[in-house]
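Worksheet: one structure, shown below.
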Amino acid sequence: MPIVVNLDIMLARRKMRSKELAAKIGITEQNLSLLKSGKVRGVRFSTLARICAELDCQPGDLLEYRPGPEEDET
Amino acid sequence: MTEARERARVLGRRMEMMIYALIGALVLFVACGLWVAWSDPGWTGQFILDRLGLPKSARLSEPTVRLLAVAFALQAALMLWGLHVLRRAFHEIALNDIVGARSARLMRLSGTVFLLNAAAMVLAPPLVSLLISIDLPAGQRFLAISFSTAELLALVVSGTLIVFGHLLAVAAEVDDDNRHII
């Protein structure tokens, strides 16, 4: 997948745990884990905004584009 | 949205109970019919001739009455199968969610079975007339072909169920897609 999620890096920088962030932004830990591993099909702007507000960062700090082959979506 | 889905589940349970009652009534009706046909084929034969407006002097033999009873039971079995599959579809909706791949598949299957039943309804009059004609004298034999609003309605309803099943399947795919958007 060309879009890489660097959420775990930002969590480490802000010294915050996934469980804490998930509770603060109102999504399940499982969904946050899927987001961290890039196994989601998309992210809503509202979710992205809440993550950026909690981690005090920009969307570009969380998402990175690396050209490469796309995985088959089943 | 959760409330709406919960209401759909409750409706699914109610539909399931209603279809159970319908299946029960149909089984009872068919069982009574078969019991009467087997225990008193003479009376059953006269009843059939009266319903078809055939001369009272005609007589249906015991094997013919029993063959007619089997034909009747086979068509009822198709109807029961369709109702059973439809009940399972509503059971799936009541248990899980209104939008699901399994309930969509069952809805489509029930439509297909009802379509078969509609075809059986069209084939029934020629078959029944052929069976009855076995016992009638040469000059009174007949072949009945009929296509009425009942058959048309059955075709429309079964087609609607099949299309609805397809729509549910597409909705299930969209729902699954949305679940993977955080």
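So you can find residues: chains in the structure tokens are A, B, ... in the order shown, residues in each start at 1, and ligands are numbered from 1 in order.
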
Within 10 Å of Ile27 in chain A using only C-alpha atoms, minus same-chain residues under 6 positions, as a ChimeraX atom specification: /A:19,21,47 /B:182

Need the shell around range 96-110 of chain B: protein/DNA/RNA residues with any atom at most 6 Å away, counting only C-alpha atoms. Skip same-chain ones fewer than 6 positions apart. Format as a ChimeraX atom specification? /B:82,85-86,89,162,165,168-169,172

What are the residues of chain A that have an atom within 12 Å of an atom of chain B, counting only C-alpha atoms, as a PyMOL selection string? chain A and resi 22+25-36+38-48+50-51+73-74

Can you write just those residues out, N, CA, C and O atoms, as a CSV table (one decimal), in the first residue's frame?
chain,number,residue,atom,x,y,z
A,22,ALA,N,-6.8,5.8,21.9
A,22,ALA,CA,-8.1,5.3,21.4
A,22,ALA,C,-9.2,5.8,22.3
A,22,ALA,O,-10.3,6.2,21.8
A,25,ILE,N,-9.9,9.6,21.6
A,25,ILE,CA,-10.5,10.0,20.3
A,25,ILE,C,-11.8,9.2,20.0
A,25,ILE,O,-12.4,9.5,19.0
A,26,GLY,N,-12.1,8.3,20.9
A,26,GLY,CA,-13.4,7.6,20.8
A,26,GLY,C,-13.5,6.5,19.7
A,26,GLY,O,-14.5,6.3,19.1
A,27,ILE,N,-12.4,5.8,19.5
A,27,ILE,CA,-12.4,4.6,18.7
A,27,ILE,C,-11.9,3.4,19.5
A,27,ILE,O,-11.2,3.6,20.5
A,28,THR,N,-12.2,2.2,19.0
A,28,THR,CA,-11.7,1.0,19.8
A,28,THR,C,-10.2,0.8,19.6
A,28,THR,O,-9.6,1.3,18.6
A,29,GLU,N,-9.6,0.1,20.5
A,29,GLU,CA,-8.2,-0.1,20.5
A,29,GLU,C,-7.9,-1.0,19.2
A,29,GLU,O,-6.8,-0.8,18.6
A,30,GLN,N,-8.8,-1.9,18.9
A,30,GLN,CA,-8.6,-2.8,17.8
A,30,GLN,C,-8.6,-1.9,16.5
A,30,GLN,O,-7.7,-2.2,15.6
A,31,ASN,N,-9.5,-1.0,16.3
A,31,ASN,CA,-9.5,-0.1,15.1
A,31,ASN,C,-8.2,0.7,15.1
A,31,ASN,O,-7.6,0.9,14.0
A,32,LEU,N,-7.7,1.2,16.2
A,32,LEU,CA,-6.5,2.0,16.2
A,32,LEU,C,-5.3,1.1,15.8
A,32,LEU,O,-4.4,1.5,15.1
A,33,SER,N,-5.3,-0.1,16.3
A,33,SER,CA,-4.3,-1.1,15.9
A,33,SER,C,-4.3,-1.3,14.4
A,33,SER,O,-3.2,-1.4,13.8
A,34,LEU,N,-5.5,-1.5,13.8
A,34,LEU,CA,-5.6,-1.7,12.4
A,34,LEU,C,-5.1,-0.5,11.6
A,34,LEU,O,-4.4,-0.6,10.6
A,35,LEU,N,-5.4,0.7,12.2
A,35,LEU,CA,-4.9,2.0,11.6
A,35,LEU,C,-3.4,2.0,11.6
A,35,LEU,O,-2.7,2.3,10.6
A,36,LYS,N,-2.8,1.7,12.7
A,36,LYS,CA,-1.3,1.7,12.9
A,36,LYS,C,-0.6,0.8,11.9
A,36,LYS,O,0.4,1.1,11.3
A,38,GLY,N,-1.8,-0.1,9.1
A,38,GLY,CA,-2.2,0.3,7.7
A,38,GLY,C,-3.2,-0.7,7.1
A,38,GLY,O,-3.3,-0.8,5.9
A,39,LYS,N,-3.9,-1.4,7.9
A,39,LYS,CA,-4.8,-2.4,7.4
A,39,LYS,C,-6.3,-1.9,7.3
A,39,LYS,O,-7.2,-2.7,7.3
A,40,VAL,N,-6.4,-0.6,7.1
A,40,VAL,CA,-7.7,0.0,7.0
A,40,VAL,C,-7.9,0.4,5.5
A,40,VAL,O,-6.9,0.7,4.8
A,41,ARG,N,-9.1,0.6,5.1
A,41,ARG,CA,-9.4,1.0,3.7
A,41,ARG,C,-9.4,2.6,3.6
A,41,ARG,O,-9.3,3.1,2.5
A,42,GLY,N,-9.6,3.2,4.8
A,42,GLY,CA,-9.7,4.7,4.7
A,42,GLY,C,-9.8,5.2,6.1
A,42,GLY,O,-10.0,4.5,7.1
A,43,VAL,N,-9.5,6.5,6.2
A,43,VAL,CA,-9.6,7.2,7.5
A,43,VAL,C,-10.5,8.5,7.3
A,43,VAL,O,-10.3,9.2,6.3
A,44,ARG,N,-11.5,8.6,8.2
A,44,ARG,CA,-12.3,9.8,8.1
A,44,ARG,C,-11.6,11.0,8.5
A,44,ARG,O,-10.7,11.0,9.4
A,45,PHE,N,-11.9,12.2,7.9
A,45,PHE,CA,-11.2,13.4,8.3
A,45,PHE,C,-11.5,13.7,9.8
A,45,PHE,O,-10.6,14.2,10.4
A,46,SER,N,-12.6,13.4,10.3
A,46,SER,CA,-12.9,13.7,11.7
A,46,SER,C,-12.0,12.9,12.6
A,46,SER,O,-11.5,13.4,13.6
A,47,THR,N,-11.7,11.6,12.2
A,47,THR,CA,-10.8,10.8,13.0
A,47,THR,C,-9.4,11.4,13.0
A,47,THR,O,-8.7,11.5,14.0
A,48,LEU,N,-9.0,11.7,11.8
A,48,LEU,CA,-7.7,12.3,11.5
A,48,LEU,C,-7.5,13.6,12.4
A,48,LEU,O,-6.5,13.8,13.0
A,50,ARG,N,-9.1,14.4,15.1
A,50,ARG,CA,-9.0,14.1,16.5
A,50,ARG,C,-7.6,13.6,16.9
A,50,ARG,O,-7.1,14.0,18.0
A,51,ILE,N,-7.1,12.8,16.0
A,51,ILE,CA,-5.7,12.2,16.3
A,51,ILE,C,-4.7,13.4,16.3
A,51,ILE,O,-3.9,13.5,17.2
A,73,GLU,N,-7.3,-5.3,-3.3
A,73,GLU,CA,-8.3,-5.2,-2.2
A,73,GLU,C,-9.3,-6.3,-2.4
A,73,GLU,O,-10.0,-6.3,-3.4
A,74,THR,N,-9.5,-7.2,-1.5
A,74,THR,CA,-10.4,-8.3,-1.6
A,74,THR,C,-11.7,-7.9,-0.7
A,74,THR,O,-11.6,-7.2,0.2

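DSSP, applied to the backbone of this structure, assigns strand (DSSP E or B) to the following residues of range 9-74 of chain A: Gly42, Leu63, Glu64 and Tyr65 of chain A.
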
Requested write-out: all heavy atoms of the selected residues, as an mmCIF file, in the first residue's frame:
data_model
loop_
_atom_site.group_PDB
_atom_site.id
_atom_site.type_symbol
_atom_site.label_atom_id
_atom_site.label_comp_id
_atom_site.auth_asym_id
_atom_site.auth_seq_id
_atom_site.Cartn_x
_atom_site.Cartn_y
_atom_site.Cartn_z
ATOM 1 N N GLY A 42 -9.612 3.206 4.764
ATOM 2 C CA GLY A 42 -9.652 4.671 4.734
ATOM 3 C C GLY A 42 -9.755 5.238 6.128
ATOM 4 O O GLY A 42 -10.023 4.517 7.090
ATOM 5 N N LEU A 63 0.795 10.473 8.031
ATOM 6 C CA LEU A 63 0.661 9.745 6.768
ATOM 7 C C LEU A 63 1.793 10.088 5.815
ATOM 8 O O LEU A 63 2.187 11.251 5.707
ATOM 9 C CB LEU A 63 -0.681 10.091 6.091
ATOM 10 C CG LEU A 63 -1.925 9.871 6.937
ATOM 11 C CD1 LEU A 63 -3.149 10.450 6.240
ATOM 12 C CD2 LEU A 63 -2.129 8.390 7.217
ATOM 13 N N GLU A 64 2.299 9.068 5.169
ATOM 14 C CA GLU A 64 3.415 9.261 4.242
ATOM 15 C C GLU A 64 3.114 8.487 2.963
ATOM 16 O O GLU A 64 2.566 7.388 3.014
ATOM 17 C CB GLU A 64 4.689 8.718 4.910
ATOM 18 C CG GLU A 64 5.970 8.955 4.146
ATOM 19 C CD GLU A 64 7.138 8.238 4.809
ATOM 20 O OE1 GLU A 64 7.085 7.965 6.026
ATOM 21 O OE2 GLU A 64 8.091 7.902 4.087
ATOM 22 N N TYR A 65 3.489 9.082 1.836
ATOM 23 C CA TYR A 65 3.282 8.411 0.560
ATOM 24 C C TYR A 65 4.604 7.841 0.065
ATOM 25 O O TYR A 65 5.573 8.564 -0.115
ATOM 26 C CB TYR A 65 2.696 9.386 -0.470
ATOM 27 C CG TYR A 65 2.609 8.805 -1.870
ATOM 28 C CD1 TYR A 65 1.674 7.813 -2.170
ATOM 29 C CD2 TYR A 65 3.476 9.232 -2.890
ATOM 30 C CE1 TYR A 65 1.603 7.266 -3.429
ATOM 31 C CE2 TYR A 65 3.402 8.692 -4.158
ATOM 32 C CZ TYR A 65 2.465 7.704 -4.427
ATOM 33 O OH TYR A 65 2.399 7.152 -5.682
#

Within 10 Å of Gly159 in chain B, counting only C-alpha atoms, which residues show up once you throw out same-chain ones fewer than 6 positions away? Write them as number ranges by chain, please. B: 108, 111-112, 114-115, 153, 165

Would you give me, as JSON, numbers by chain, the residues in chain A that DSSP reads as alpha helix (DSSP H)? {"A": [7, 8, 9, 10, 11, 12, 13, 18, 19, 20, 21, 22, 23, 24, 25, 29, 30, 31, 32, 33, 34, 35, 36, 45, 46, 47, 48, 49, 50, 51, 52, 53, 54, 55, 59, 60, 61, 62]}

What is the CA of Leu22 in chain B-CA of Leu131 in chain B distance in Å, reported with one decimal?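 Separation of CA of Leu22 in chain B and CA of Leu131 in chain B: 29.3 Å.
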
Between B:Val65, B:Ala144, B:Ala31, B:Ala138, single out the one closest to Leu123 in chain B, counting only C-alpha atoms. B:Ala144
